[in-house]
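A.B. asks: Got a file for you: query.tsv, TSV, C-alpha atoms.
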```tsv
chain	number	residue	atom	x	y	z
A	1	MET	CA	-138.97	-49.45	-272.17
A	2	SER	CA	-141.85	-47.16	-273.11
A	3	ASP	CA	-145.41	-47.72	-271.88
A	4	LEU	CA	-146.47	-48.52	-275.45
A	5	ALA	CA	-143.79	-51.19	-275.74
A	6	LEU	CA	-144.82	-52.66	-272.39
A	7	LEU	CA	-148.44	-52.82	-273.47
A	8	MET	CA	-147.51	-54.51	-276.73
A	9	LEU	CA	-145.40	-57.02	-274.84
A	10	LEU	CA	-148.30	-57.80	-272.52
A	11	PHE	CA	-150.67	-58.37	-275.41
A	12	PHE	CA	-148.14	-60.68	-277.05
A	13	ALA	CA	-148.00	-62.55	-273.73
A	14	ILE	CA	-151.80	-62.89	-273.79
A	15	ILE	CA	-151.65	-64.50	-277.22
A	16	ILE	CA	-148.84	-66.82	-276.16
A	17	GLY	CA	-150.75	-67.77	-273.02
A	18	TYR	CA	-153.83	-68.45	-275.10
A	19	MET	CA	-151.88	-70.64	-277.50
A	20	LEU	CA	-150.33	-72.62	-274.65
A	21	GLY	CA	-153.73	-73.05	-273.07
A	22	ARG	CA	-155.04	-74.42	-276.36
A	23	TYR	CA	-152.05	-76.62	-277.11
A	24	CYS	CA	-153.90	-79.79	-276.24
A	25	TYR	CA	-156.75	-78.76	-278.52
A	26	GLN	CA	-154.68	-78.15	-281.62
A	27	LYS	CA	-157.39	-79.06	-284.04
A	28	ARG	CA	-159.84	-76.61	-282.49
A	29	PHE	CA	-157.14	-73.95	-282.42
A	30	LYS	CA	-156.56	-74.34	-286.14
A	31	GLU	CA	-160.24	-73.74	-286.82
A	32	HIS	CA	-160.17	-70.39	-285.00
A	33	ARG	CA	-156.67	-69.27	-285.91
A	34	SER	CA	-157.77	-66.84	-288.61
A	35	VAL	CA	-160.41	-65.22	-286.37
A	36	ILE	CA	-157.97	-64.77	-283.52
A	37	SER	CA	-155.25	-63.47	-285.82
A	38	LYS	CA	-157.60	-60.90	-287.32
A	39	SER	CA	-158.85	-59.76	-283.88
A	40	TYR	CA	-155.30	-59.53	-282.58
A	41	PHE	CA	-154.11	-57.28	-285.38
A	42	ILE	CA	-157.22	-55.12	-285.13
A	43	GLY	CA	-156.47	-54.66	-281.42
A	44	LEU	CA	-152.83	-53.98	-282.11
A	45	ASN	CA	-153.82	-51.35	-284.68
A	46	TYR	CA	-156.02	-49.64	-282.10
A	47	LEU	CA	-153.11	-49.67	-279.68
A	48	LEU	CA	-150.68	-48.17	-282.17
A	49	ASN	CA	-153.19	-45.44	-282.93
A	50	GLU	CA	-153.44	-44.66	-279.20
A	51	GLN	CA	-156.98	-46.00	-278.83
A	52	PRO	CA	-156.49	-48.16	-275.72
A	53	ASP	CA	-160.21	-48.49	-274.95
A	54	ALA	CA	-160.93	-50.01	-278.36
A	55	ALA	CA	-157.85	-52.23	-277.99
A	56	ILE	CA	-159.07	-53.46	-274.60
A	57	ASP	CA	-162.47	-54.37	-276.07
A	58	THR	CA	-160.91	-56.25	-278.96
A	59	PHE	CA	-158.43	-58.27	-276.95
A	60	ILE	CA	-160.85	-59.19	-274.15
A	61	ASN	CA	-163.57	-60.26	-276.57
A	62	ALA	CA	-161.13	-62.23	-278.73
A	63	LEU	CA	-159.66	-64.47	-276.05
A	64	ASP	CA	-161.04	-66.98	-273.58
A	65	ILE	CA	-160.12	-66.66	-269.92
A	66	THR	CA	-157.83	-69.50	-268.83
A	67	ASP	CA	-155.40	-70.06	-265.99
A	68	ASP	CA	-152.68	-69.09	-268.47
A	69	THR	CA	-154.24	-65.79	-269.54
A	70	ILE	CA	-155.90	-64.53	-266.34
A	71	ASP	CA	-152.64	-63.34	-264.72
A	72	THR	CA	-151.68	-61.47	-267.88
A	73	TYR	CA	-155.03	-59.69	-267.95
A	74	LEU	CA	-154.52	-58.73	-264.30
A	75	ALA	CA	-151.01	-57.49	-265.08
A	76	LEU	CA	-152.47	-55.34	-267.82
A	77	GLY	CA	-154.91	-53.82	-265.34
A	78	THR	CA	-152.09	-53.19	-262.88
A	79	LEU	CA	-150.10	-51.41	-265.57
A	80	PHE	CA	-153.00	-49.09	-266.36
A	81	CYS	CA	-153.47	-48.42	-262.64
A	82	LYS	CA	-149.80	-47.52	-262.16
A	83	ARG	CA	-150.01	-45.15	-265.11
A	84	GLY	CA	-152.88	-43.38	-263.36
A	85	GLU	CA	-155.49	-44.72	-265.80
A	86	VAL	CA	-157.56	-46.33	-263.05
A	87	ASP	CA	-160.77	-46.14	-265.07
A	88	ARG	CA	-159.30	-48.48	-267.69
A	89	SER	CA	-158.05	-50.87	-265.03
A	90	ILE	CA	-161.52	-50.91	-263.46
A	91	ARG	CA	-163.06	-51.56	-266.84
A	92	ILE	CA	-160.79	-54.54	-267.53
A	93	HIS	CA	-161.60	-56.12	-264.19
A	94	GLN	CA	-165.33	-55.46	-264.46
A	95	GLU	CA	-165.45	-57.01	-267.92
A	96	LEU	CA	-163.53	-60.02	-266.68
A	97	LEU	CA	-166.00	-60.47	-263.82
A	98	ALA	CA	-168.85	-60.44	-266.33
A	99	ARG	CA	-167.42	-63.58	-267.94
A	100	PRO	CA	-169.51	-66.63	-266.90
A	101	SER	CA	-166.54	-68.91	-267.61
A	102	LEU	CA	-164.54	-67.63	-264.62
A	103	THR	CA	-163.80	-70.23	-261.98
A	104	PRO	CA	-164.51	-69.30	-258.31
A	105	SER	CA	-160.78	-68.86	-257.69
A	106	GLN	CA	-160.37	-66.63	-260.76
A	107	SER	CA	-163.39	-64.55	-259.75
A	108	ILE	CA	-161.95	-63.94	-256.28
A	109	LYS	CA	-158.63	-62.94	-257.81
A	110	VAL	CA	-160.29	-60.42	-260.13
A	111	GLN	CA	-162.50	-59.02	-257.33
A	112	LEU	CA	-159.39	-58.44	-255.23
A	113	GLU	CA	-157.76	-56.51	-258.07
A	114	LEU	CA	-160.96	-54.50	-258.60
A	115	ALA	CA	-160.94	-53.58	-254.91
A	116	LYS	CA	-157.36	-52.34	-255.32
A	117	ASP	CA	-158.51	-50.25	-258.30
A	118	TYR	CA	-161.20	-48.62	-256.18
A	119	MET	CA	-158.64	-47.94	-253.44
A	120	CYS	CA	-156.32	-46.34	-255.98
A	121	ALA	CA	-159.22	-44.16	-257.14
A	122	GLY	CA	-160.11	-43.18	-253.56
A	123	LEU	CA	-163.42	-45.06	-253.70
A	124	PHE	CA	-162.90	-46.68	-250.31
A	125	ASP	CA	-166.55	-47.56	-249.69
A	126	ARG	CA	-166.70	-49.65	-252.85
A	127	ALA	CA	-163.38	-51.30	-252.09
A	128	GLU	CA	-164.44	-52.05	-248.52
A	129	GLY	CA	-167.68	-53.63	-249.73
A	130	ILE	CA	-165.81	-56.06	-251.97
A	131	LEU	CA	-163.16	-56.88	-249.37
A	132	VAL	CA	-165.61	-57.44	-246.51
A	133	GLU	CA	-167.42	-59.96	-248.71
A	134	LEU	CA	-164.14	-61.66	-249.66
A	135	ILE	CA	-162.95	-62.12	-246.07
A	136	SER	CA	-166.26	-63.73	-245.09
A	137	HIS	CA	-165.19	-66.92	-246.89
A	138	ASN	CA	-162.15	-69.16	-246.64
A	139	HIS	CA	-159.93	-69.12	-249.73
A	140	GLU	CA	-156.28	-68.70	-250.69
A	141	PHE	CA	-156.59	-64.90	-251.14
A	142	LYS	CA	-158.22	-64.17	-247.77
A	143	TYR	CA	-154.97	-62.99	-246.16
A	144	ASP	CA	-154.32	-60.56	-249.03
A	145	ALA	CA	-157.90	-59.26	-248.76
A	146	LEU	CA	-157.43	-58.65	-245.02
A	147	GLN	CA	-154.23	-56.70	-245.69
A	148	GLN	CA	-155.97	-54.48	-248.24
A	149	LEU	CA	-158.87	-53.89	-245.85
A	150	LEU	CA	-156.39	-52.87	-243.16
A	151	LYS	CA	-154.94	-50.25	-245.52
A	152	ILE	CA	-158.41	-48.75	-245.98
A	153	TYR	CA	-159.08	-48.53	-242.24
A	154	GLU	CA	-155.68	-46.92	-241.68
A	155	GLN	CA	-156.36	-44.38	-244.44
A	156	GLU	CA	-159.81	-43.62	-243.03
A	157	LYS	CA	-158.48	-43.63	-239.44
A	158	GLU	CA	-161.09	-46.18	-238.37
A	159	TRP	CA	-158.87	-47.57	-235.64
A	160	LEU	CA	-161.33	-49.94	-233.98
A	161	LYS	CA	-161.97	-51.67	-237.31
A	162	ALA	CA	-158.23	-51.67	-237.97
A	163	ILE	CA	-157.67	-53.34	-234.59
A	164	ASP	CA	-160.19	-56.06	-235.45
A	165	VAL	CA	-158.55	-56.80	-238.81
A	166	ALA	CA	-155.01	-56.67	-237.40
A	167	GLU	CA	-156.03	-59.11	-234.66
A	168	ARG	CA	-157.14	-61.55	-237.36
A	169	LEU	CA	-153.94	-61.04	-239.33
A	170	GLY	CA	-151.91	-61.43	-236.15
A	171	ARG	CA	-153.09	-65.01	-235.78
A	172	HIS	CA	-150.87	-65.82	-238.74
A	173	GLN	CA	-147.98	-63.38	-238.14
A	174	LYS	CA	-148.20	-62.33	-234.50
A	175	PRO	CA	-144.77	-60.61	-234.10
A	176	ILE	CA	-145.38	-58.30	-237.08
A	177	TYR	CA	-148.86	-57.18	-236.10
A	178	SER	CA	-148.23	-56.88	-232.35
A	179	LYS	CA	-146.22	-53.71	-232.95
A	180	THR	CA	-148.81	-52.38	-235.40
A	181	LEU	CA	-151.61	-53.06	-232.93
A	182	SER	CA	-149.78	-51.09	-230.22
A	183	PHE	CA	-149.87	-48.03	-232.50
A	184	TYR	CA	-153.58	-48.51	-233.25
A	185	TYR	CA	-154.29	-48.59	-229.51
A	186	CYS	CA	-152.21	-45.43	-229.11
A	187	GLU	CA	-154.28	-43.73	-231.82
A	188	GLN	CA	-157.42	-44.60	-229.88
A	189	ALA	CA	-155.84	-43.46	-226.62
A	190	GLU	CA	-154.80	-40.10	-228.07
A	191	GLN	CA	-158.29	-39.46	-229.45
A	192	HIS	CA	-159.86	-40.14	-226.04
A	193	LEU	CA	-157.20	-38.11	-224.25
A	194	ASP	CA	-157.90	-35.12	-226.51
A	195	LYS	CA	-161.58	-35.44	-225.55
A	196	ASN	CA	-160.61	-35.69	-221.85
A	197	ASN	CA	-162.03	-39.23	-221.68
A	198	ARG	CA	-159.21	-40.38	-219.45
A	199	VAL	CA	-160.58	-43.75	-218.34
A	200	ALA	CA	-160.83	-44.96	-221.93
A	201	ALA	CA	-157.46	-43.39	-222.80
A	202	HIS	CA	-155.78	-45.22	-219.93
A	203	ARG	CA	-157.35	-48.51	-221.01
A	204	TYR	CA	-156.06	-48.18	-224.56
A	205	ILE	CA	-152.58	-47.22	-223.35
A	206	LYS	CA	-152.53	-50.41	-221.27
A	207	ASN	CA	-153.62	-52.36	-224.34
A	208	ALA	CA	-150.74	-50.80	-226.30
A	209	PHE	CA	-148.22	-51.91	-223.66
A	210	GLY	CA	-149.83	-55.34	-223.75
A	211	ARG	CA	-148.92	-55.61	-227.42
A	212	ASP	CA	-145.50	-53.98	-227.16
A	213	LYS	CA	-143.97	-53.35	-223.74
A	214	ASN	CA	-141.37	-51.09	-225.37
A	215	CYS	CA	-143.90	-48.85	-227.13
A	216	VAL	CA	-142.38	-45.36	-226.80
A	217	ARG	CA	-145.54	-43.66	-227.99
A	218	ALA	CA	-147.56	-45.33	-225.22
A	219	SER	CA	-144.99	-44.10	-222.68
A	220	LEU	CA	-145.28	-40.53	-223.97
A	221	LEU	CA	-149.08	-40.70	-223.74
A	222	MET	CA	-148.97	-42.19	-220.24
A	223	ALA	CA	-146.53	-39.49	-219.12
A	224	ARG	CA	-148.80	-36.83	-220.60
A	225	MET	CA	-151.73	-38.20	-218.58
A	226	ASP	CA	-149.65	-38.32	-215.40
A	227	TYR	CA	-148.40	-34.77	-215.90
A	228	GLU	CA	-151.82	-33.31	-216.66
A	229	GLU	CA	-153.23	-34.99	-213.55
A	230	GLY	CA	-150.41	-33.71	-211.33
A	231	ARG	CA	-148.58	-37.02	-210.91
A	232	TYR	CA	-145.18	-35.54	-211.73
A	233	ARG	CA	-143.11	-38.34	-210.18
A	234	ASP	CA	-144.97	-40.93	-212.22
A	235	ALA	CA	-144.46	-38.81	-215.34
A	236	VAL	CA	-140.71	-38.65	-214.67
A	237	LYS	CA	-140.53	-42.41	-214.09
A	238	THR	CA	-142.38	-43.14	-217.33
A	239	LEU	CA	-140.34	-40.68	-219.41
A	240	GLU	CA	-137.01	-41.92	-218.10
A	241	ARG	CA	-138.02	-45.46	-219.04
A	242	ILE	CA	-137.91	-44.39	-222.72
A	243	ALA	CA	-134.10	-44.48	-222.59
A	244	LYS	CA	-134.37	-48.24	-222.04
A	245	GLN	CA	-137.19	-48.75	-224.54
A	246	ASP	CA	-135.52	-47.07	-227.51
A	247	LEU	CA	-132.58	-44.71	-227.08
A	248	LYS	CA	-133.19	-42.74	-230.28
A	249	TYR	CA	-136.50	-41.36	-228.96
A	250	ILE	CA	-134.99	-39.71	-225.86
A	251	PRO	CA	-135.20	-36.23	-227.49
A	252	LEU	CA	-139.01	-36.54	-227.66
A	253	SER	CA	-139.21	-37.00	-223.89
A	254	ILE	CA	-137.10	-34.02	-222.79
A	255	PRO	CA	-139.62	-31.11	-222.99
A	256	LEU	CA	-142.17	-32.83	-220.72
A	257	LEU	CA	-139.41	-34.20	-218.50
A	258	GLU	CA	-138.09	-30.67	-217.87
A	259	LEU	CA	-141.59	-29.49	-216.92
A	260	SER	CA	-142.13	-32.46	-214.61
A	261	TYR	CA	-138.84	-31.93	-212.77
A	262	ALA	CA	-139.58	-28.19	-212.55
A	263	ASN	CA	-142.88	-28.93	-210.81
A	264	LEU	CA	-141.05	-31.26	-208.44
A	265	GLN	CA	-138.42	-28.53	-207.89
A	266	ASN	CA	-135.78	-31.18	-208.41
A	267	VAL	CA	-133.01	-29.58	-210.45
A	268	LYS	CA	-130.41	-32.12	-209.30
A	269	GLY	CA	-132.57	-35.00	-210.47
A	270	LEU	CA	-132.89	-33.51	-213.95
A	271	GLY	CA	-129.16	-32.81	-214.13
A	272	ALA	CA	-128.28	-36.34	-213.07
A	273	TYR	CA	-130.55	-37.88	-215.70
A	274	LEU	CA	-129.27	-35.59	-218.46
A	275	SER	CA	-125.66	-36.41	-217.56
A	276	LYS	CA	-126.39	-40.13	-217.63
A	277	CYS	CA	-128.04	-39.90	-221.06
A	278	LEU	CA	-125.25	-37.68	-222.43
A	279	ASN	CA	-122.72	-40.37	-221.56
A	280	GLU	CA	-124.73	-42.89	-223.57
A	281	LYS	CA	-125.70	-40.70	-226.53
A	282	PRO	CA	-124.93	-36.95	-226.77
A	283	PHE	CA	-128.09	-35.84	-228.60
A	284	SER	CA	-128.21	-32.10	-229.29
A	285	THR	CA	-131.53	-31.90	-227.39
A	286	LEU	CA	-129.76	-33.25	-224.28
A	287	ILE	CA	-126.83	-30.87	-224.76
A	288	LEU	CA	-129.13	-27.86	-225.06
A	289	ALA	CA	-131.20	-28.94	-222.05
A	290	MET	CA	-128.08	-29.28	-219.91
A	291	THR	CA	-126.75	-25.95	-221.20
A	292	ASP	CA	-130.00	-24.22	-220.17
A	293	LEU	CA	-129.86	-25.91	-216.77
A	294	LEU	CA	-126.26	-24.81	-216.15
A	295	GLU	CA	-127.04	-21.28	-217.30
A	296	LYS	CA	-129.85	-21.00	-214.74
A	297	GLU	CA	-127.99	-22.68	-211.88
A	298	GLN	CA	-124.32	-21.77	-212.38
A	299	GLY	CA	-124.29	-18.88	-214.81
A	300	GLN	CA	-123.47	-18.21	-218.43
A	301	HIS	CA	-119.73	-18.89	-218.23
A	302	HIS	CA	-120.21	-22.45	-216.95
A	303	ALA	CA	-122.92	-23.03	-219.54
A	304	LEU	CA	-120.67	-21.72	-222.33
A	305	GLU	CA	-117.73	-23.86	-221.23
A	306	PHE	CA	-119.92	-26.98	-221.14
A	307	LEU	CA	-121.43	-26.25	-224.55
A	308	VAL	CA	-118.05	-25.67	-226.22
A	309	ASN	CA	-116.73	-28.98	-224.85
A	310	GLN	CA	-119.82	-30.83	-226.05
A	311	LEU	CA	-119.64	-29.30	-229.52
A	312	HIS	CA	-116.09	-30.62	-229.86
A	313	ARG	CA	-117.52	-34.10	-229.27
A	314	GLN	CA	-120.80	-33.69	-231.14
A	315	PRO	CA	-120.90	-30.69	-233.52
A	316	THR	CA	-124.45	-29.79	-234.57
A	317	LEU	CA	-126.21	-26.77	-236.07
A	318	LYS	CA	-128.53	-26.60	-233.06
A	319	GLY	CA	-125.54	-26.48	-230.74
A	320	LEU	CA	-123.88	-23.81	-232.88
A	321	ALA	CA	-127.04	-21.69	-232.77
A	322	LYS	CA	-127.09	-21.94	-228.97
A	323	LEU	CA	-123.38	-21.07	-228.79
A	324	ILE	CA	-123.94	-17.92	-230.86
A	325	GLN	CA	-126.87	-16.97	-228.62
A	326	LEU	CA	-124.79	-17.34	-225.46
A	327	GLN	CA	-121.84	-15.44	-226.88
A	328	GLN	CA	-124.19	-12.70	-228.06
A	329	VAL	CA	-125.55	-12.29	-224.54
A	330	MET	CA	-122.05	-12.24	-223.08
A	331	GLY	CA	-120.33	-10.32	-225.91
A	332	GLN	CA	-119.50	-6.68	-226.30
A	333	GLU	CA	-121.75	-4.28	-228.17
A	334	LYS	CA	-119.26	-3.80	-231.01
A	335	TYR	CA	-119.77	-7.46	-232.02
A	336	GLU	CA	-123.56	-7.22	-231.94
A	337	ASP	CA	-123.99	-7.02	-235.73
A	338	SER	CA	-121.75	-10.04	-236.33
A	339	PHE	CA	-123.58	-12.12	-233.72
A	340	ASN	CA	-126.93	-11.18	-235.23
A	341	LEU	CA	-125.73	-12.21	-238.67
A	342	PHE	CA	-124.48	-15.60	-237.44
A	343	ARG	CA	-127.70	-16.18	-235.50
A	344	VAL	CA	-129.91	-15.36	-238.49
A	345	LEU	CA	-127.84	-17.56	-240.82
A	346	THR	CA	-127.91	-20.59	-238.53
A	347	LYS	CA	-131.64	-20.14	-237.93
A	348	LYS	CA	-132.29	-20.08	-241.68
A	349	MET	CA	-130.17	-23.20	-242.14
A	350	LEU	CA	-132.09	-25.00	-239.41
A	351	ASP	CA	-135.44	-23.87	-240.80
A	352	LEU	CA	-134.56	-25.46	-244.15
A	353	LYS	CA	-133.49	-28.79	-242.68
A	354	PRO	CA	-135.82	-31.72	-241.87
A	355	VAL	CA	-135.95	-32.85	-238.25
A	356	PHE	CA	-137.25	-36.41	-238.61
A	357	SER	CA	-136.62	-39.19	-241.11
A	358	CYS	CA	-137.96	-42.66	-241.86
A	359	GLY	CA	-135.50	-45.50	-241.43
A	360	SER	CA	-137.50	-47.61	-243.86
A	361	CYS	CA	-137.90	-45.42	-246.97
A	362	GLY	CA	-135.86	-42.27	-246.24
A	363	PHE	CA	-138.81	-39.86	-246.02
A	364	SER	CA	-137.91	-36.71	-244.08
A	365	GLY	CA	-139.85	-33.79	-242.65
A	366	LYS	CA	-140.29	-31.29	-239.84
A	367	LYS	CA	-143.04	-33.14	-238.01
A	368	MET	CA	-142.92	-36.39	-236.06
A	369	HIS	CA	-145.09	-39.08	-237.66
A	370	TRP	CA	-145.68	-42.40	-235.93
A	371	GLN	CA	-146.76	-43.78	-239.31
A	372	CYS	CA	-144.56	-42.75	-242.23
A	373	PRO	CA	-146.64	-40.71	-244.74
A	374	SER	CA	-144.62	-42.20	-247.59
A	375	CYS	CA	-144.16	-45.95	-247.03
A	376	ARG	CA	-146.93	-46.22	-244.37
A	377	ALA	CA	-144.64	-48.16	-242.00
A	378	TRP	CA	-145.27	-47.74	-238.26
A	379	GLY	CA	-142.55	-46.73	-235.80
A	380	CYS	CA	-139.85	-46.10	-238.41
A	381	VAL	CA	-139.72	-42.28	-238.18
A	382	SER	CA	-137.31	-40.86	-235.60
A	383	PRO	CA	-135.17	-37.74	-234.97
A	384	ILE	CA	-132.38	-37.23	-237.51
A	385	GLU	CA	-128.90	-37.69	-236.06
A	386	GLY	CA	-125.70	-35.97	-237.12
A	387	ILE	CA	-124.49	-32.40	-237.61
A	388	GLU	CA	-127.83	-31.25	-239.06
A	389	GLY	CA	-129.96	-33.04	-236.45
A	390	GLU	CA	-129.42	-34.62	-233.05
```
Before anything else, please render the file you have as structure tokens.
C.D. replies:
Amino acid sequence: MSDLALLMLLFFAIIIGYMLGRYCYQKRFKEHRSVISKSYFIGLNYLLNEQPDAAIDTFINALDITDDTIDTYLALGTLFCKRGEVDRSIRIHQELLARPSLTPSQSIKVQLELAKDYMCAGLFDRAEGILVELISHNHEFKYDALQQLLKIYEQEKEWLKAIDVAERLGRHQKPIYSKTLSFYYCEQAEQHLDKNNRVAAHRYIKNAFGRDKNCVRASLLMARMDYEEGRYRDAVKTLERIAKQDLKYIPLSIPLLELSYANLQNVKGLGAYLSKCLNEKPFSTLILAMTDLLEKEQGQHHALEFLVNQLHRQPTLKGLAKLIQLQQVMGQEKYEDSFNLFRVLTKKMLDLKPVFSCGSCGFSGKKMHWQCPSCRAWGCVSPIEGIEGE
């Protein structure tokens, strides 16, 4: 259905709602029927001639606001907003608010929609002003207002304010917001860690674990702190705990784990952990880490044999690229051009492929996001598995 048809349908719904609202006052309705009919067709004419602003004026001025019509007006505003015509949606809601006949409940409803308009337009200060006022009173739309305010603070990266709002929301739905709160605390921790404010960073990491004991991001931040402060054993312990927290995030822990074991000069410890994880889930990151370890400790032939066996079990482009690299190092000069060609081709294929994807909406990209840029869900993005990923 076209946008024009949808708009016409909505305006018909307004008229029907008006008529239902006036059903008990049939006599009065009859007295005004001709006026309403004339206004309706004037508005419809404006609409057909693609003059939506004039149509809005006509329809709003022609009809009273009732419980039957208010939702249809709001739906009309939502339609304009989705079409990208936020200014018209704002106008509808502002004109509705100017009506003295609005009940307190209707006024709150319209204010909430106006705040959403401002958010859609990027006018977060205006939206925040409305929402802060709305949450200062008890009413049926308070929970919705808190959720919208939380979206603003996430967008603006005002994590302390987001924590405050999420705490209030968590009183109603604690399991949902506990996980979200752990990510907010991690955001605060990372900011302080980047500024070398380690006491505050440690406090926020502890808060994150308090909300979600299996928070992988908090473990990665804690391990980073331990490593940077020379506590390599603690870093190893924290990183290896990730395998129990959420198996699919093991690949994120490997680079720092290799560095920590290297500083401890404990090659056997690293090998044992990699072998254990490979038995549970042969991620390509684990396969490549073990291949590098074998190459350093036992030589290229052992590394190549291990890699070939693993690729039979878990074929991946990353593994193939490593195989070509090893064979190129070990191969004869007459095959150099062929190896170079294979290496370049696999590199180009890998460069074109996303590395992470969102389990909630399917978003994919090269960079790890703890909050999905598309659906805004927390903790749903993870390394891609399969031949093109892990």
A.B. asks: Mind checking which residues fall within 12 Å of Gly269 in chain A, counting only C-alpha atoms, ignoring those fewer than 3 positions away in the same chain, and posting them as a list in words?
C.D. replies: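 Contacts, in chain order: Arg233, Val236, Lys237, Glu240, Leu257, Glu258, Ser260, Tyr261, Ala262, Asn263, Leu264, Gln265, Asn266, Ala272, Tyr273, Leu274, Ser275, Lys276, Met290 and Leu293 of chain A.
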A.B. asks: Kindly provide the residues of range 213-307 of chain A that approach range 184-190 of chain A to within 8 Å, each paired with its closest atom pair and their distance in Å to one decimal, based on all atoms listed in the file, listed by chain and increasing number, as CSV.
C.D. replies:
```
residue,atom,partner,partner_atom,distance
A:Arg217,CA,A:Cys186,CA,7.0
A:Ala218,CA,A:Cys186,CA,6.1
A:Leu221,CA,A:Glu190,CA,7.2
```
A.B. asks: When you look at range 282-289 of chain A with a cut-off of 7 Å (counting all atoms listed in the file), what residues show up, excluding the ones that are within fewer than 5 positions of it in the same chain? I need them as a list of chain:residue names.
C.D. replies: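 In the requested form, the answer reads A:Pro251, A:Leu274, A:Gln314, A:Thr316, A:Lys318, A:Gly319, A:Glu390.
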A.B. asks: Name the residues within 12 Å of (-164.1, -58.5, -265.6), counting only C-alpha atoms in the file's coordinates, and put them as a PyMOL selection string.
C.D. replies: chain A and resi 56-57+60-61+65+70+73-74+77+88-102+106-114
A.B. asks: What's the separation between CA of Leu239 in chain A and CA of Glu280 in chain A, in Å to one decimal place?
C.D. replies: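 According to the coordinates, CA of Leu239 in chain A and CA of Glu280 in chain A are separated by 16.3 Å.
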A.B. asks: Calculated over all atoms listed in the file, which of the candidates A:Thr78, A:Tyr143, A:His202, A:Leu326 has the smallest distance to Gln173 in chain A?
C.D. replies: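 Of all the options, A:Tyr143 lies closest to Gln173 in chain A.
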A.B. asks: I'd like the neighbourhood of range 370-385 of chain A as a VMD selection string, where a residue qualifies if any of its atoms comes within 12 Å (using only C-alpha atoms), though same-chain residues fewer than 5 positions away should be ignored.
C.D. replies: chain A and resid 150 to 152 154 to 155 157 176 to 184 186 to 187 212 214 to 218 246 to 253 281 to 285 314 to 318 353 to 365 390
A.B. asks: Could you pull the residues within 12 Å of Leu323 in chain A, counting all atoms listed in the file, minus those fewer than 2 positions along the same chain, as number ranges by chain?
C.D. replies: A: 287-288, 291-292, 300-301, 303-311, 315-321, 325-331, 339, 342-343, 346
A.B. asks: What gap, in Å, lies between CA of Gly129 in chain A and CA of Leu149 in chain A?
C.D. replies: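 Atom-to-atom, CA of Gly129 in chain A to CA of Leu149 in chain A, that is 9.6 Å.
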A.B. asks: By how many Å are CA of Thr69 in chain A and CA of Thr103 in chain A apart?
C.D. replies: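 Separating CA of Thr69 in chain A from CA of Thr103 in chain A is a distance of 13.0 Å.
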